[in-house]
>>> print(open('final28.cif').read())   # mmCIF, C-alpha atoms and all ligand atoms
data_target
#
loop_
_atom_site.label_atom_id
_atom_site.label_comp_id
_atom_site.auth_asym_id
_atom_site.auth_seq_id
_atom_site.Cartn_x
_atom_site.Cartn_y
_atom_site.Cartn_z
CA MET F 1 -2.66 3.11 -18.60
CA LYS F 2 -1.51 5.02 -21.65
CA LYS F 3 2.21 5.39 -21.44
CA THR F 4 5.11 3.94 -19.42
CA ILE F 5 8.31 5.92 -18.86
CA ARG F 6 11.25 3.93 -17.56
CA PHE F 7 14.34 5.09 -15.73
CA LYS F 8 17.28 2.98 -14.61
CA THR F 9 17.68 5.13 -11.50
CA LEU F 10 15.59 7.96 -10.07
CA GLY F 11 15.62 9.74 -6.73
CA SER F 12 11.95 8.87 -6.30
CA THR F 13 9.36 7.99 -8.96
CA HIS F 14 6.76 9.62 -6.73
CA ASP F 15 8.57 12.94 -6.48
CA TYR F 16 9.46 12.85 -10.18
CA ALA F 17 5.83 12.18 -11.09
CA LYS F 18 4.59 14.99 -8.86
CA LYS F 19 7.09 17.46 -10.26
CA ASN F 20 6.58 16.53 -13.92
CA ALA F 21 2.92 15.49 -13.91
CA GLY F 22 1.93 18.35 -16.23
CA LYS F 23 4.28 17.06 -18.94
CA TYR F 24 2.65 13.66 -19.20
CA PRO F 25 -0.85 12.52 -20.15
CA ASP F 26 -3.36 11.16 -17.68
CA GLY F 27 -2.53 7.52 -16.95
CA THR F 28 1.26 7.74 -17.39
CA VAL F 29 3.28 5.23 -15.37
CA ILE F 30 6.78 6.20 -14.20
CA VAL F 31 9.00 3.21 -13.36
CA ALA F 32 12.51 3.10 -11.92
CA GLY F 33 14.92 0.15 -11.62
CA ARG F 34 16.14 1.58 -8.33
CA GLN F 35 15.63 4.72 -6.27
CA THR F 36 18.15 6.76 -4.34
CA ALA F 37 15.60 8.77 -2.33
CA GLY F 38 12.57 6.49 -2.16
CA ARG F 39 10.11 7.54 0.52
CA GLY F 40 6.94 6.33 2.12
CA ARG F 41 4.23 7.76 4.36
CA PHE F 42 5.40 10.21 7.01
CA ASP F 43 8.48 10.77 4.82
CA ARG F 44 9.99 7.51 5.95
CA LYS F 45 12.79 6.14 3.80
CA TRP F 46 11.75 3.43 1.34
CA HIS F 47 14.68 1.10 0.77
CA SER F 48 14.83 0.83 -3.06
CA PRO F 49 17.67 -1.31 -4.42
CA ALA F 50 17.58 -3.04 -7.83
CA GLY F 51 15.27 -6.05 -7.89
CA GLY F 52 12.29 -4.29 -6.32
CA LEU F 53 9.43 -2.65 -8.19
CA TYR F 54 9.08 1.12 -7.87
CA PHE F 55 6.47 2.97 -9.86
CA SER F 56 4.05 5.89 -9.83
CA VAL F 57 0.86 6.49 -11.80
CA ILE F 58 -0.22 10.00 -12.76
CA LEU F 59 -4.00 10.38 -12.82
CA GLU F 60 -6.32 13.24 -13.63
CA PRO F 61 -9.61 11.86 -12.38
CA ARG F 62 -12.66 13.83 -13.41
CA GLY F 63 -15.09 14.63 -10.61
CA LEU F 64 -13.30 12.69 -7.86
CA ARG F 65 -14.02 14.13 -4.42
CA PRO F 66 -10.94 14.72 -2.25
CA ALA F 67 -12.54 12.46 0.38
CA ASP F 68 -12.47 9.55 -2.06
CA THR F 69 -8.74 9.48 -2.76
CA GLN F 70 -8.24 6.96 0.06
CA LEU F 71 -10.26 4.55 -2.07
CA LEU F 72 -7.61 4.84 -4.81
CA THR F 73 -5.00 3.72 -2.28
CA PHE F 74 -7.25 0.76 -1.44
CA ALA F 75 -7.69 -0.05 -5.16
CA MET F 76 -3.91 -0.02 -5.70
CA ALA F 77 -3.28 -2.12 -2.56
CA LEU F 78 -5.79 -4.68 -3.86
CA ALA F 79 -4.20 -4.62 -7.34
CA VAL F 80 -0.75 -5.26 -5.83
CA ALA F 81 -2.01 -8.00 -3.50
CA SER F 82 -3.67 -9.86 -6.33
CA ALA F 83 -0.63 -9.61 -8.64
CA VAL F 84 1.71 -10.80 -5.87
CA GLU F 85 -0.68 -13.63 -5.02
CA ASN F 86 -0.69 -14.88 -8.60
CA ALA F 87 3.06 -14.54 -9.07
CA ALA F 88 4.31 -15.92 -5.77
CA GLY F 89 1.45 -18.14 -4.61
CA ILE F 90 0.97 -16.26 -1.36
CA SER F 91 -2.10 -14.49 -0.15
CA PRO F 92 -1.26 -11.02 1.18
CA ALA F 93 -3.46 -9.21 3.68
CA LEU F 94 -3.98 -5.45 3.81
CA LYS F 95 -3.12 -3.24 6.76
CA TRP F 96 -4.95 0.07 6.80
CA PRO F 97 -4.40 2.30 5.02
CA ASN F 98 -1.58 1.46 2.64
CA ASP F 99 0.38 -1.64 3.61
CA VAL F 100 0.42 -4.98 1.84
CA MET F 101 1.46 -7.63 4.34
CA VAL F 102 2.28 -11.32 4.35
CA SER F 103 1.95 -13.73 7.24
CA VAL F 104 5.24 -15.57 7.81
CA LYS F 105 6.64 -17.94 10.41
CA ARG F 106 8.42 -16.20 13.28
CA ASP F 107 11.93 -17.41 13.86
CA ASP F 108 12.69 -15.60 17.09
CA LYS F 109 12.46 -16.08 20.87
CA ILE F 110 8.76 -15.18 20.83
CA ALA F 111 8.06 -18.11 18.51
CA ALA F 112 9.91 -20.44 20.84
CA ALA F 113 7.86 -19.18 23.79
CA ARG F 114 4.56 -19.63 21.93
CA GLN F 115 4.65 -23.34 21.36
CA HIS F 116 0.94 -23.71 22.11
CA SER F 117 -0.43 -22.33 18.85
CA ALA F 118 0.73 -22.29 15.24
CA ALA F 119 -1.09 -18.97 14.66
CA ALA F 120 0.77 -17.32 17.53
CA ARG F 121 4.08 -18.37 16.00
CA ARG F 122 3.35 -16.33 12.86
CA LYS F 123 3.71 -12.63 12.25
CA TYR F 124 3.00 -10.16 9.48
CA LYS F 125 5.78 -8.60 7.43
CA LYS F 126 5.44 -5.87 4.83
CA ILE F 127 5.83 -6.82 1.19
CA ALA F 128 4.62 -3.57 -0.41
CA GLY F 129 3.48 -0.05 0.41
CA ILE F 130 1.33 2.49 -1.42
CA LEU F 131 1.76 6.25 -1.35
CA THR F 132 -1.00 8.54 -2.66
CA GLU F 133 -0.88 12.32 -2.87
CA CYS F 134 -3.13 14.69 -4.73
CA SER F 135 -3.54 18.34 -5.67
CA ILE F 136 -6.95 19.88 -5.13
CA SER F 137 -8.62 22.80 -6.89
CA LYS F 138 -12.11 24.14 -6.12
CA ASN F 139 -12.83 21.17 -3.88
CA GLU F 140 -12.15 18.74 -6.73
CA VAL F 141 -9.15 16.51 -7.17
CA GLU F 142 -7.01 17.93 -9.95
CA ARG F 143 -4.27 15.36 -10.12
CA VAL F 144 -3.27 12.27 -8.15
CA VAL F 145 0.06 10.51 -7.98
CA ILE F 146 -0.37 6.99 -6.71
CA SER F 147 2.80 4.98 -6.19
CA ALA F 148 3.79 1.54 -5.07
CA GLY F 149 6.99 -0.03 -3.86
CA ILE F 150 6.98 -3.83 -3.97
CA ASN F 151 9.68 -6.09 -2.58
CA VAL F 152 9.95 -8.52 -5.48
CA ASN F 153 13.52 -9.82 -5.94
CA ASN F 154 15.40 -7.31 -3.78
CA ARG F 155 17.34 -8.55 -0.78
CA ILE F 156 15.92 -7.30 2.52
CA PRO F 157 18.76 -5.82 4.62
CA VAL F 158 19.26 -7.24 8.13
CA PRO F 159 17.86 -4.19 10.02
CA LEU F 160 14.57 -4.53 8.10
CA ALA F 161 14.38 -8.33 8.11
CA GLY F 162 12.06 -8.38 11.13
CA ILE F 163 9.43 -6.22 9.45
CA ALA F 164 9.82 -6.64 5.68
CA VAL F 165 9.88 -9.56 3.28
CA SER F 166 10.30 -10.05 -0.47
CA ALA F 167 8.01 -12.05 -2.75
CA SER F 168 10.99 -14.02 -4.09
CA GLY F 169 12.10 -14.78 -0.52
CA ILE F 170 8.75 -16.40 0.12
CA ALA F 171 8.40 -18.10 -3.25
CA GLY F 172 11.98 -19.41 -3.06
CA ARG F 173 12.76 -18.35 -6.63
CA THR F 174 13.39 -15.25 -8.72
CA LEU F 175 10.16 -13.73 -9.98
CA ASP F 176 9.37 -11.86 -13.18
CA GLY F 177 9.06 -8.25 -12.01
CA GLU F 178 7.81 -7.00 -15.38
CA LYS F 179 4.99 -9.51 -15.34
CA ILE F 180 4.02 -8.41 -11.84
CA LEU F 181 4.06 -4.75 -12.90
CA ASP F 182 1.84 -5.50 -15.90
CA ALA F 183 -0.59 -7.41 -13.70
CA VAL F 184 -0.73 -4.63 -11.08
CA ILE F 185 -1.42 -1.99 -13.73
CA GLU F 186 -4.06 -4.14 -15.41
CA ASN F 187 -5.80 -4.87 -12.09
CA PHE F 188 -5.68 -1.23 -11.05
CA GLU F 189 -6.89 0.01 -14.42
CA LYS F 190 -9.93 -2.27 -14.26
CA SER F 191 -10.84 -1.09 -10.81
CA TYR F 192 -10.16 2.58 -11.63
CA SER F 193 -12.23 2.61 -14.79
CA ALA F 194 -15.17 0.97 -13.02
CA PHE F 195 -14.51 3.02 -9.88
CA SER F 196 -17.14 1.52 -7.66
CA LEU F 197 -16.73 2.70 -4.08
CA SER F 198 -18.83 -0.08 -2.66
CA ARG F 199 -16.96 -2.75 -4.58
CA ILE F 200 -13.52 -1.48 -3.60
CA LEU F 201 -14.59 -1.21 0.03
CA LYS F 202 -16.07 -4.69 0.03
CA GLU F 203 -12.91 -6.23 -1.46
CA TYR F 204 -10.70 -4.22 0.88
CA LYS F 205 -12.64 -5.31 3.93
CA LYS F 206 -12.37 -8.92 2.81
CA LYS F 207 -8.58 -8.67 2.49
CA SER F 208 -8.08 -6.57 5.61
CA MET F 209 -5.95 -8.14 8.35
CA LEU F 210 -7.47 -5.76 10.90
CA VAL F 211 -11.25 -6.16 10.81
CA GLY F 212 -12.41 -7.71 14.09
CA LYS F 213 -8.92 -7.41 15.61
CA LYS F 214 -7.89 -5.52 18.73
CA ILE F 215 -5.39 -2.84 17.80
CA CYS F 216 -3.98 0.44 19.04
CA PHE F 217 -4.08 3.48 16.87
CA VAL F 218 -1.86 6.55 16.98
CA SER F 219 -3.42 9.78 15.76
CA GLY F 220 -1.22 12.83 16.28
CA THR F 221 0.08 12.52 19.83
CA ASP F 222 -2.86 10.43 21.06
CA GLU F 223 -3.22 6.66 21.22
CA TYR F 224 -6.56 4.85 21.06
CA CYS F 225 -7.07 1.12 21.61
CA GLY F 226 -10.05 -0.94 20.56
CA THR F 227 -11.50 -3.34 18.00
CA VAL F 228 -11.63 -2.55 14.28
CA LYS F 229 -15.25 -2.52 13.08
CA GLY F 230 -14.53 -1.72 9.44
CA PHE F 231 -14.18 1.29 7.16
CA ASP F 232 -16.62 4.06 6.26
CA ASP F 233 -17.50 5.16 2.72
CA SER F 234 -14.42 7.35 2.46
CA GLY F 235 -12.11 4.58 3.65
CA ALA F 236 -11.68 5.94 7.17
CA ILE F 237 -11.12 3.27 9.83
CA ILE F 238 -13.84 2.70 12.47
CA LEU F 239 -12.72 1.66 15.95
CA ALA F 240 -14.92 0.47 18.82
CA LEU F 241 -12.84 1.83 21.66
CA ASN F 242 -12.26 -0.06 24.88
CA ASP F 243 -14.34 2.58 26.76
CA GLY F 244 -17.43 1.64 24.71
CA SER F 245 -17.43 4.62 22.32
CA VAL F 246 -16.95 4.38 18.54
CA LYS F 247 -14.47 6.63 16.74
CA THR F 248 -13.62 7.09 13.07
CA PHE F 249 -10.12 8.03 11.94
CA HIS F 250 -9.11 9.43 8.55
CA GLY F 251 -5.37 9.43 9.20
CA GLY F 252 -2.94 7.92 11.65
CA GLU F 253 -1.12 4.69 12.19
CA VAL F 254 -2.10 1.27 13.42
CA THR F 255 0.15 -0.48 15.90
CA LEU F 256 -0.48 -4.18 16.43
C1 LIG E 301 4.67 3.35 2.50
O1 LIG E 301 4.58 2.16 2.80
O2 LIG E 301 4.77 4.22 3.38
C2 LIG E 301 4.60 3.75 1.05
C3 LIG E 301 5.83 3.34 0.29
C4 LIG E 301 5.79 3.81 -1.15
C5 LIG E 301 7.09 3.56 -1.86
C6 LIG E 301 6.98 3.86 -3.31
S1 LIG E 301 8.36 3.24 -4.25
C7 LIG E 301 7.83 4.13 -5.64
C8 LIG E 301 7.39 5.47 -5.15
N1 LIG E 301 8.52 6.36 -5.00
C9 LIG E 301 8.72 6.72 -3.74
O3 LIG E 301 9.62 7.49 -3.35
N2 LIG E 301 7.82 6.16 -2.96
C10 LIG E 301 6.90 5.33 -3.70
#
>>> encode(input="final28.cif", output="structure tokens", more="lines below")
Ligand code: BTN
Amino acid sequence: MKKTIRFKTLGSTHDYAKKNAGKYPDGTVIVAGRQTAGRGRFDRKWHSPAGGLYFSVILEPRGLRPADTQLLTFAMALAVASAVENAAGISPALKWPNDVMVSVKRDDKIAAARQHSAAARRKYKKIAGILTECSISKNEVERVVISAGINVNNRIPVPLAGIAVSASGIAGRTLDGEKILDAVIENFEKSYSAFSLSRILKEYKKKSMLVGKKICFVSGTDEYCGTVKGFDDSGAIILALNDGSVKTFHGGEVTL
């Protein structure tokens, strides 16, 4: 990426990047030490104290079809997972479409009740999330802002402790956030410049925590339950529903 702009504090790197994209060249990375209005998908708040990594990449991809932007989210999720894996010695799994998760030991009543199996006493917690938004002109993607929030050295507040985890919490030591950022950008850049749909999809499927699993899926006001078969060429999730039919979803949320 060509240029990195750093802020001590920003409302949201994502919103800043969207608003100011025209001022910066393709490939600019906006980084903030903390955010006061960090947000995720569905406008959910993204807790962003100092110690975490918060950044957005401004891209002007030539000839990218709007349907393929999901693949950029996958490429960033893979880039983050690999950087976290190298830095903290853990192997994250990906939860469609934008979550980077880590399997940790449960330490609650459920764990106590599930003495029969070690696997059942584990659960996934979120270590990072990706947010991708684009502007479209004449059915081509004009500009994309692709952002990531990674729990590196930030403390996870008690209300989020059941669903989120930090890389340092797992590694048991403070990690070098700058090194992780460099690695993420390098990984992403490689994948973006090669931009091979089939390769990204293959890697994503390999790292997915959902393929072959029974899940429920909320799309709008409807819920569908079934087994995840995989992802189509645009990154949509394919579910074999419990009634025997197969359905493909481009948006929505997985509940486990
Ligand atoms: C999600 O899991 O829903 C996506 C979270 C994305 C958070 C990052 S932090 C940097 C950038 N700025 C924001 O306000 N959001 C993204």
>>> atom_distance(input="final28.cif", atom1="atom CA of F:Lys179", atom2="atom CA of F:Ala81")
13.8 Å
>>> residues_around(input="final28.cif", residues="stretch 153-164 of chain F", least_positions_apart="5", cutoff="7 Å", atoms="only C-alpha atoms", output="count of residues only")
9
>>> residues_near_ligand(input="final28.cif", ligand="ligand LIG 301 (chain E)", cutoff="10 Å", atoms="all atoms listed in the file", output="ChimeraX atom specification")
/F:10-17,30-32,34-48,52-57,97-100,126-132,145-151
>>> closest_atom_pairs(input="final28.cif", of="stretch 112-208 of chain F", to="stretch 225-236 of chain F", cutoff="10 Å", atoms="all atoms listed in the file", output="JSON lines")
{"residue": "F:Leu197", "atom": "CA", "partner": "F:Asp233", "partner_atom": "CA", "distance": 7.3}
{"residue": "F:Ser198", "atom": "CA", "partner": "F:Asp233", "partner_atom": "CA", "distance": 7.6}
{"residue": "F:Ile200", "atom": "CA", "partner": "F:Gly235", "partner_atom": "CA", "distance": 9.6}
{"residue": "F:Leu201", "atom": "CA", "partner": "F:Gly235", "partner_atom": "CA", "distance": 7.3}
{"residue": "F:Lys202", "atom": "CA", "partner": "F:Phe231", "partner_atom": "CA", "distance": 9.5}
{"residue": "F:Tyr204", "atom": "CA", "partner": "F:Phe231", "partner_atom": "CA", "distance": 9.1}
{"residue": "F:Lys205", "atom": "CA", "partner": "F:Gly230", "partner_atom": "CA", "distance": 6.8}
{"residue": "F:Ser208", "atom": "CA", "partner": "F:Gly230", "partner_atom": "CA", "distance": 8.9}
>>> atom_distance(input="final28.cif", atom1="atom CA of F:Thr73", atom2="atom CA of F:Gly172")
28.7 Å
>>> closest_residue(input="final28.cif", among="F:Phe74, F:Ile5, F:Asp182, F:Tyr24", to="F:Arg199", atoms="all atoms listed in the file")
F:Phe74
>>> residues_around(input="final28.cif", residues="F:Leu59", least_positions_apart="3", cutoff="6 Å", atoms="only C-alpha atoms", output="number ranges by chain")
F: 26-27, 143-144
